[in-house]
2 protein chains.
Amino acid sequence: MPDKTLGLFFELFNEIAIIEQLSRTIFEARLPKGLMVSHFSVLNHLVRVADGRTPLQLARAFQQPKTTMTHTLAGLEKHGFIRMEQNPEDKRSKLVFITDEGRAFREDAIERLAPDVARIAELVPPEHAGALLPGLQELRQELDGMRS
Amino acid sequence: MPDKTLGLFFELFNEIAIIEQLSRTIFEARLPKGLMVSHFSVLNHLVRVADGRTPLQLARAFQQPKTTMTHTLAGLEKHGFIRMEQNPEDKRSKLVFITDEGRAFREDAIERLAPDVARIAELVPPEHAGALLPGLQELRQELDGMRS
DNA sequence: TCATATTGGTGCGATATCGCACTATTATTG
DNA sequence: CAATAATAGTGCGATATCGCACCAATATGA
C-alpha cells in the first residue's frame, strides 16, 4: 500500500470526524437540554424503520456498543419517549416501542432542526449531498464487515 | 425545503456518524490503552501541518471545543508526547510542540494502523475514497461557516 | 439431556466530552 | 489613557461513552 493511500484514508476519516462533530453540535444546540442527537436518532429509527426493535438491533443499526444504547434508552424511557416490554420470543430480550410523547417530541425536534437543514441545503445542493451517499454507504458496509 | 431533502441530510449525517464510530473503534483497538484517535490526530497535525500551534488553533482545526482540546493536550503532555511553551507573541497563549517521544509514538501508531488501512483499501478502492473528499470538504466548509 | 458456549441486557468504573464560569492578557474605543 | 470588550486557556461539574464482568436465557452438540 503506498503512503499516499494511508494519508488519503486518514484525511477521509478526519474529514468525516469533523463533519460528525459539526453536525452534532449544530443539531444539539436546537434540542432541549439533556437530549442529544442519539436520542433523536433512536426515535427517528423507530418511526422510519420499525417500531418494536430490540436494544441490540438498535445498537447495531447505529454501530454503537450495547452499553451505550442501554444508556441512551434509559434516558428516553426516563423522558417517557419509549416504553420497553419483554420480548415474548426471547425472555432475555426486550422490545422498544415509541410512545405518543416520543412521537410528539420527534416531530417537534424535526421542526426545530428543519431550519438548520434548510440553511445547509441552501449552501450544499442536495444533489451534492445525495451524490456522497453511495460512496459513504459502500465505505460503511466494508468497515462494518471488517469488525466481524 | 421538501421533506425529501430533510430526510436526505438526516441520512447523510447518520451515515457519517456511523463511519466515524466504526473508524474510531477500529483504530483505537490498535492504540495502546489510554491513547485515543484524538491524541494521534493532534500529533499527526503537528507533524503534517505545522508544529508550534496554539491550543486554540488545534481545537479549531478539529472543530472541537477548546476544553476538549485542553484535556487532550493534557493527556499528550502527561505521556511526554508534546511540550507546551509560553507564546512569546501573546502571554495568554501557549505553543504546542511535539517531542521526539511524540514523533516516535506517531510513527509507531502509523505502523500499527497501516494494516487496517490496507485492508480497508482492499475493500474500498482508494479512487472511491478520494472521490468522496471534495464533496465532504465542501460540506465541512459550509457547516463550518454556519457556526460563526 | 446435560454440559458448554453463545447471546441479550445491565451494573459499574474509568475516562472523554463539553458547557459554564473564571482569570489573565490583549484589543478596542470614547 | 482609562474603561470596556474580546480572547486564550483552564478548573469544575454534569453527563456521555464504553470496556469489563456478570446474570439470565437460549442455542449447540457430545
# chains A, B, ... in the order shown; residues from 1 in each chain; ligands from 1

$ closest_atom_pairs --of "chain A" --to "chain D" --cutoff "7 Å" --atoms "only C-alpha atoms (C1' of nucleotides)" --output "tab-separated table"
residue	atom	partner	partner_atom	distance
A:Pro65	CA	D:DC18	C1'	6.8
A:Thr67	CA	D:DC18	C1'	6.7
A:Thr68	CA	D:DT17	C1'	6.4
A:Lys91	CA	D:DA25	C1'	6.4
A:Arg92	CA	D:DA25	C1'	5.3

$ write_last_selection --atoms "C-alpha atoms" --output "PDB file, in the first residue's frame"
ATOM      1  CA  PRO A  65     -21.642  -0.549  21.847  1.00  0.00           C
ATOM      2  CA  THR A  67     -23.836  -0.366  26.828  1.00  0.00           C
ATOM      3  CA  THR A  68     -24.110   2.971  25.108  1.00  0.00           C
ATOM      4  CA  LYS A  91     -37.006 -13.784  27.586  1.00  0.00           C
ATOM      5  CA  ARG A  92     -33.503 -12.346  27.650  1.00  0.00           C
TER       6      ARG A  92
END

$ interface_residues --of "chain A" --to "chain C" --cutoff "10 Å" --atoms "only C-alpha atoms (C1' of nucleotides)" --output "number ranges by chain"
A: 54-56, 66-67, 70-71, 90-94

$ calpha_fit_and_write --fixed "chain A" --moving "chain B" --output "PDB file with C-alpha atoms, in the first residue's frame"
ATOM      1  CA  MET B   1      -0.008  -0.001   0.010  1.00  0.00           C
ATOM      2  CA  PRO B   2       1.492   3.341  -1.003  1.00  0.00           C
ATOM      3  CA  ASP B   3       1.939   6.000   1.649  1.00  0.00           C
ATOM      4  CA  LYS B   4      -0.388   8.204  -0.337  1.00  0.00           C
ATOM      5  CA  THR B   5      -3.218   5.772   0.293  1.00  0.00           C
ATOM      6  CA  LEU B   6      -2.583   5.789   4.016  1.00  0.00           C
ATOM      7  CA  GLY B   7      -2.699   9.572   4.056  1.00  0.00           C
ATOM      8  CA  LEU B   8      -5.814   9.600   1.920  1.00  0.00           C
ATOM      9  CA  PHE B   9      -7.773   7.431   4.321  1.00  0.00           C
ATOM     10  CA  PHE B  10      -6.529   9.320   7.354  1.00  0.00           C
ATOM     11  CA  GLU B  11      -7.690  12.508   5.709  1.00  0.00           C
ATOM     12  CA  LEU B  12     -11.008  10.978   4.780  1.00  0.00           C
ATOM     13  CA  PHE B  13     -11.738   9.759   8.301  1.00  0.00           C
ATOM     14  CA  ASN B  14     -10.585  13.039   9.726  1.00  0.00           C
ATOM     15  CA  GLU B  15     -12.932  14.954   7.467  1.00  0.00           C
ATOM     16  CA  ILE B  16     -15.749  12.636   8.469  1.00  0.00           C
ATOM     17  CA  ALA B  17     -14.998  13.094  12.154  1.00  0.00           C
ATOM     18  CA  ILE B  18     -15.078  16.855  11.749  1.00  0.00           C
ATOM     19  CA  ILE B  19     -18.407  16.789   9.956  1.00  0.00           C
ATOM     20  CA  GLU B  20     -19.829  14.481  12.591  1.00  0.00           C
ATOM     21  CA  GLN B  21     -18.696  16.931  15.243  1.00  0.00           C
ATOM     22  CA  LEU B  22     -20.068  19.983  13.459  1.00  0.00           C
ATOM     23  CA  SER B  23     -23.426  18.465  12.619  1.00  0.00           C
ATOM     24  CA  ARG B  24     -23.884  17.105  16.115  1.00  0.00           C
ATOM     25  CA  THR B  25     -23.066  20.463  17.660  1.00  0.00           C
ATOM     26  CA  ILE B  26     -25.420  22.313  15.321  1.00  0.00           C
ATOM     27  CA  PHE B  27     -28.290  19.933  15.983  1.00  0.00           C
ATOM     28  CA  GLU B  28     -27.808  19.601  19.713  1.00  0.00           C
ATOM     29  CA  ALA B  29     -27.954  23.362  20.051  1.00  0.00           C
ATOM     30  CA  ARG B  30     -31.601  23.059  18.933  1.00  0.00           C
ATOM     31  CA  LEU B  31     -32.565  20.176  21.174  1.00  0.00           C
ATOM     32  CA  PRO B  32     -33.753  20.689  24.722  1.00  0.00           C
ATOM     33  CA  LYS B  33     -31.142  20.289  27.401  1.00  0.00           C
ATOM     34  CA  GLY B  34     -30.457  16.689  28.289  1.00  0.00           C
ATOM     35  CA  LEU B  35     -31.487  15.344  24.898  1.00  0.00           C
ATOM     36  CA  MET B  36     -28.858  14.505  22.358  1.00  0.00           C
ATOM     37  CA  VAL B  37     -28.806  13.596  18.716  1.00  0.00           C
ATOM     38  CA  SER B  38     -28.508   9.963  19.813  1.00  0.00           C
ATOM     39  CA  HIS B  39     -31.923  10.186  21.463  1.00  0.00           C
ATOM     40  CA  PHE B  40     -33.459  11.798  18.430  1.00  0.00           C
ATOM     41  CA  SER B  41     -31.864   9.269  16.104  1.00  0.00           C
ATOM     42  CA  VAL B  42     -33.294   6.322  18.000  1.00  0.00           C
ATOM     43  CA  LEU B  43     -36.788   7.767  17.916  1.00  0.00           C
ATOM     44  CA  ASN B  44     -36.361   8.510  14.243  1.00  0.00           C
ATOM     45  CA  HIS B  45     -35.295   4.949  13.636  1.00  0.00           C
ATOM     46  CA  LEU B  46     -38.304   3.584  15.497  1.00  0.00           C
ATOM     47  CA  VAL B  47     -40.616   5.656  13.320  1.00  0.00           C
ATOM     48  CA  ARG B  48     -38.894   5.388   9.972  1.00  0.00           C
ATOM     49  CA  VAL B  49     -37.491   1.877  10.048  1.00  0.00           C
ATOM     50  CA  ALA B  50     -39.531  -0.118  12.525  1.00  0.00           C
ATOM     51  CA  ASP B  51     -41.040   0.086  15.970  1.00  0.00           C
ATOM     52  CA  GLY B  52     -40.548  -2.700  18.483  1.00  0.00           C
ATOM     53  CA  ARG B  53     -36.854  -3.266  17.880  1.00  0.00           C
ATOM     54  CA  THR B  54     -34.623  -4.852  20.493  1.00  0.00           C
ATOM     55  CA  PRO B  55     -31.893  -2.770  22.144  1.00  0.00           C
ATOM     56  CA  LEU B  56     -29.271  -4.867  20.400  1.00  0.00           C
ATOM     57  CA  GLN B  57     -30.807  -4.287  17.002  1.00  0.00           C
ATOM     58  CA  LEU B  58     -30.743  -0.577  17.695  1.00  0.00           C
ATOM     59  CA  ALA B  59     -27.145  -0.668  18.859  1.00  0.00           C
ATOM     60  CA  ARG B  60     -26.196  -2.496  15.675  1.00  0.00           C
ATOM     61  CA  ALA B  61     -28.127  -0.084  13.489  1.00  0.00           C
ATOM     62  CA  PHE B  62     -25.996   2.754  14.819  1.00  0.00           C
ATOM     63  CA  GLN B  63     -22.897   0.625  15.260  1.00  0.00           C
ATOM     64  CA  GLN B  64     -22.687   1.520  18.915  1.00  0.00           C
ATOM     65  CA  PRO B  65     -21.671  -0.591  21.883  1.00  0.00           C
ATOM     66  CA  LYS B  66     -24.678  -2.067  23.552  1.00  0.00           C
ATOM     67  CA  THR B  67     -23.864  -0.391  26.861  1.00  0.00           C
ATOM     68  CA  THR B  68     -24.126   2.946  25.127  1.00  0.00           C
ATOM     69  CA  MET B  69     -27.518   1.997  23.772  1.00  0.00           C
ATOM     70  CA  THR B  70     -28.665   0.891  27.222  1.00  0.00           C
ATOM     71  CA  HIS B  71     -27.748   4.338  28.462  1.00  0.00           C
ATOM     72  CA  THR B  72     -29.497   6.136  25.605  1.00  0.00           C
ATOM     73  CA  LEU B  73     -32.635   4.052  26.055  1.00  0.00           C
ATOM     74  CA  ALA B  74     -32.651   4.742  29.776  1.00  0.00           C
ATOM     75  CA  GLY B  75     -32.695   8.442  28.989  1.00  0.00           C
ATOM     76  CA  LEU B  76     -35.520   8.050  26.498  1.00  0.00           C
ATOM     77  CA  GLU B  77     -37.504   5.956  28.948  1.00  0.00           C
ATOM     78  CA  LYS B  78     -37.010   8.486  31.726  1.00  0.00           C
ATOM     79  CA  HIS B  79     -38.503  11.115  29.449  1.00  0.00           C
ATOM     80  CA  GLY B  80     -41.404   8.801  28.636  1.00  0.00           C
ATOM     81  CA  PHE B  81     -40.491   8.758  24.958  1.00  0.00           C
ATOM     82  CA  ILE B  82     -40.212   4.997  24.742  1.00  0.00           C
ATOM     83  CA  ARG B  83     -41.665   2.008  26.540  1.00  0.00           C
ATOM     84  CA  MET B  84     -39.815  -1.262  26.945  1.00  0.00           C
ATOM     85  CA  GLU B  85     -41.540  -4.620  27.038  1.00  0.00           C
ATOM     86  CA  GLN B  86     -40.396  -8.174  27.449  1.00  0.00           C
ATOM     87  CA  ASN B  87     -39.779  -9.857  24.144  1.00  0.00           C
ATOM     88  CA  PRO B  88     -42.234 -12.756  24.057  1.00  0.00           C
ATOM     89  CA  GLU B  89     -39.899 -14.564  21.656  1.00  0.00           C
ATOM     90  CA  ASP B  90     -36.914 -14.424  23.977  1.00  0.00           C
ATOM     91  CA  LYS B  91     -37.012 -13.785  27.679  1.00  0.00           C
ATOM     92  CA  ARG B  92     -33.497 -12.355  27.704  1.00  0.00           C
ATOM     93  CA  SER B  93     -34.588  -9.664  25.366  1.00  0.00           C
ATOM     94  CA  LYS B  94     -36.733  -6.551  25.298  1.00  0.00           C
ATOM     95  CA  LEU B  95     -38.668  -4.657  22.713  1.00  0.00           C
ATOM     96  CA  VAL B  96     -38.555  -0.908  22.419  1.00  0.00           C
ATOM     97  CA  PHE B  97     -41.684   0.968  21.453  1.00  0.00           C
ATOM     98  CA  ILE B  98     -42.040   4.669  20.867  1.00  0.00           C
ATOM     99  CA  THR B  99     -44.802   6.359  22.858  1.00  0.00           C
ATOM    100  CA  ASP B 100     -47.108   9.151  21.791  1.00  0.00           C
ATOM    101  CA  GLU B 101     -44.926  11.534  23.751  1.00  0.00           C
ATOM    102  CA  GLY B 102     -41.937  10.190  21.869  1.00  0.00           C
ATOM    103  CA  ARG B 103     -43.625  10.774  18.550  1.00  0.00           C
ATOM    104  CA  ALA B 104     -44.562  14.275  19.574  1.00  0.00           C
ATOM    105  CA  PHE B 105     -41.033  15.009  20.662  1.00  0.00           C
ATOM    106  CA  ARG B 106     -39.639  13.653  17.414  1.00  0.00           C
ATOM    107  CA  GLU B 107     -41.951  15.805  15.355  1.00  0.00           C
ATOM    108  CA  ASP B 108     -41.158  18.838  17.413  1.00  0.00           C
ATOM    109  CA  ALA B 109     -37.452  18.134  17.068  1.00  0.00           C
ATOM    110  CA  ILE B 110     -37.762  17.843  13.315  1.00  0.00           C
ATOM    111  CA  GLU B 111     -39.420  21.234  13.257  1.00  0.00           C
ATOM    112  CA  ARG B 112     -36.624  22.683  15.335  1.00  0.00           C
ATOM    113  CA  LEU B 113     -33.940  21.161  13.128  1.00  0.00           C
ATOM    114  CA  ALA B 114     -35.550  21.851   9.769  1.00  0.00           C
ATOM    115  CA  PRO B 115     -34.440  25.491   9.522  1.00  0.00           C
ATOM    116  CA  ASP B 116     -30.821  24.474  10.021  1.00  0.00           C
ATOM    117  CA  VAL B 117     -31.115  21.771   7.427  1.00  0.00           C
ATOM    118  CA  ALA B 118     -32.722  24.273   5.083  1.00  0.00           C
ATOM    119  CA  ARG B 119     -29.778  26.603   5.577  1.00  0.00           C
ATOM    120  CA  ILE B 120     -27.379  23.766   4.881  1.00  0.00           C
ATOM    121  CA  ALA B 121     -29.360  22.808   1.797  1.00  0.00           C
ATOM    122  CA  GLU B 122     -29.000  26.361   0.532  1.00  0.00           C
ATOM    123  CA  LEU B 123     -25.240  26.137   0.801  1.00  0.00           C
ATOM    124  CA  VAL B 124     -24.780  22.521  -0.190  1.00  0.00           C
ATOM    125  CA  PRO B 125     -27.049  21.514  -3.068  1.00  0.00           C
ATOM    126  CA  PRO B 126     -28.986  18.373  -2.135  1.00  0.00           C
ATOM    127  CA  GLU B 127     -27.676  16.786  -5.344  1.00  0.00           C
ATOM    128  CA  HIS B 128     -24.165  17.121  -3.972  1.00  0.00           C
ATOM    129  CA  ALA B 129     -25.225  15.635  -0.672  1.00  0.00           C
ATOM    130  CA  GLY B 130     -27.047  12.824  -2.395  1.00  0.00           C
ATOM    131  CA  ALA B 131     -24.047  12.107  -4.584  1.00  0.00           C
ATOM    132  CA  LEU B 132     -22.004  11.377  -1.465  1.00  0.00           C
ATOM    133  CA  LEU B 133     -24.363   8.776  -0.086  1.00  0.00           C
ATOM    134  CA  PRO B 134     -23.514   5.737  -2.222  1.00  0.00           C
ATOM    135  CA  GLY B 135     -19.786   6.107  -1.608  1.00  0.00           C
ATOM    136  CA  LEU B 136     -20.316   6.562   2.107  1.00  0.00           C
ATOM    137  CA  GLN B 137     -22.626   3.587   2.241  1.00  0.00           C
ATOM    138  CA  GLU B 138     -20.030   1.483   0.487  1.00  0.00           C
ATOM    139  CA  LEU B 139     -17.404   2.604   2.972  1.00  0.00           C
ATOM    140  CA  ARG B 140     -19.678   1.907   5.896  1.00  0.00           C
ATOM    141  CA  GLN B 141     -20.574  -1.505   4.593  1.00  0.00           C
ATOM    142  CA  GLU B 142     -16.948  -2.531   4.295  1.00  0.00           C
ATOM    143  CA  LEU B 143     -15.920  -1.154   7.670  1.00  0.00           C
ATOM    144  CA  ASP B 144     -18.887  -2.953   9.123  1.00  0.00           C
ATOM    145  CA  GLY B 145     -17.767  -6.202   7.577  1.00  0.00           C
ATOM    146  CA  MET B 146     -14.255  -5.790   8.937  1.00  0.00           C
ATOM    147  CA  ARG B 147     -15.479  -5.774  12.504  1.00  0.00           C
ATOM    148  CA  SER B 148     -16.865  -9.264  12.376  1.00  0.00           C
TER     149      SER B 148
END

$ select_by_dssp --residues "chain B" --states "strand (DSSP E or B)" --output "compact mmCIF listing (two decimals) with C-alpha atoms, in the first residue's frame"
# COMPACT_ATOMS: atom_id res chain seq x y z
CA ARG B 53 0.41 25.62 17.06
CA ILE B 82 4.21 17.20 23.48
CA ARG B 83 5.77 20.14 25.26
CA MET B 84 3.95 23.40 25.87
CA GLU B 85 5.67 26.75 25.94
CA GLN B 86 4.56 30.29 26.51
CA LYS B 94 0.77 28.72 24.56
CA LEU B 95 2.53 26.90 21.80
CA VAL B 96 2.40 23.16 21.42
CA PHE B 97 5.46 21.31 20.21
CA ILE B 98 5.78 17.63 19.51

$ select_by_dssp --residues "chain A" --states "helix (DSSP H, G or I)" --output "ChimeraX atom specification"
/A:3-28,37-48,55-61,66-78,100-123,126-147
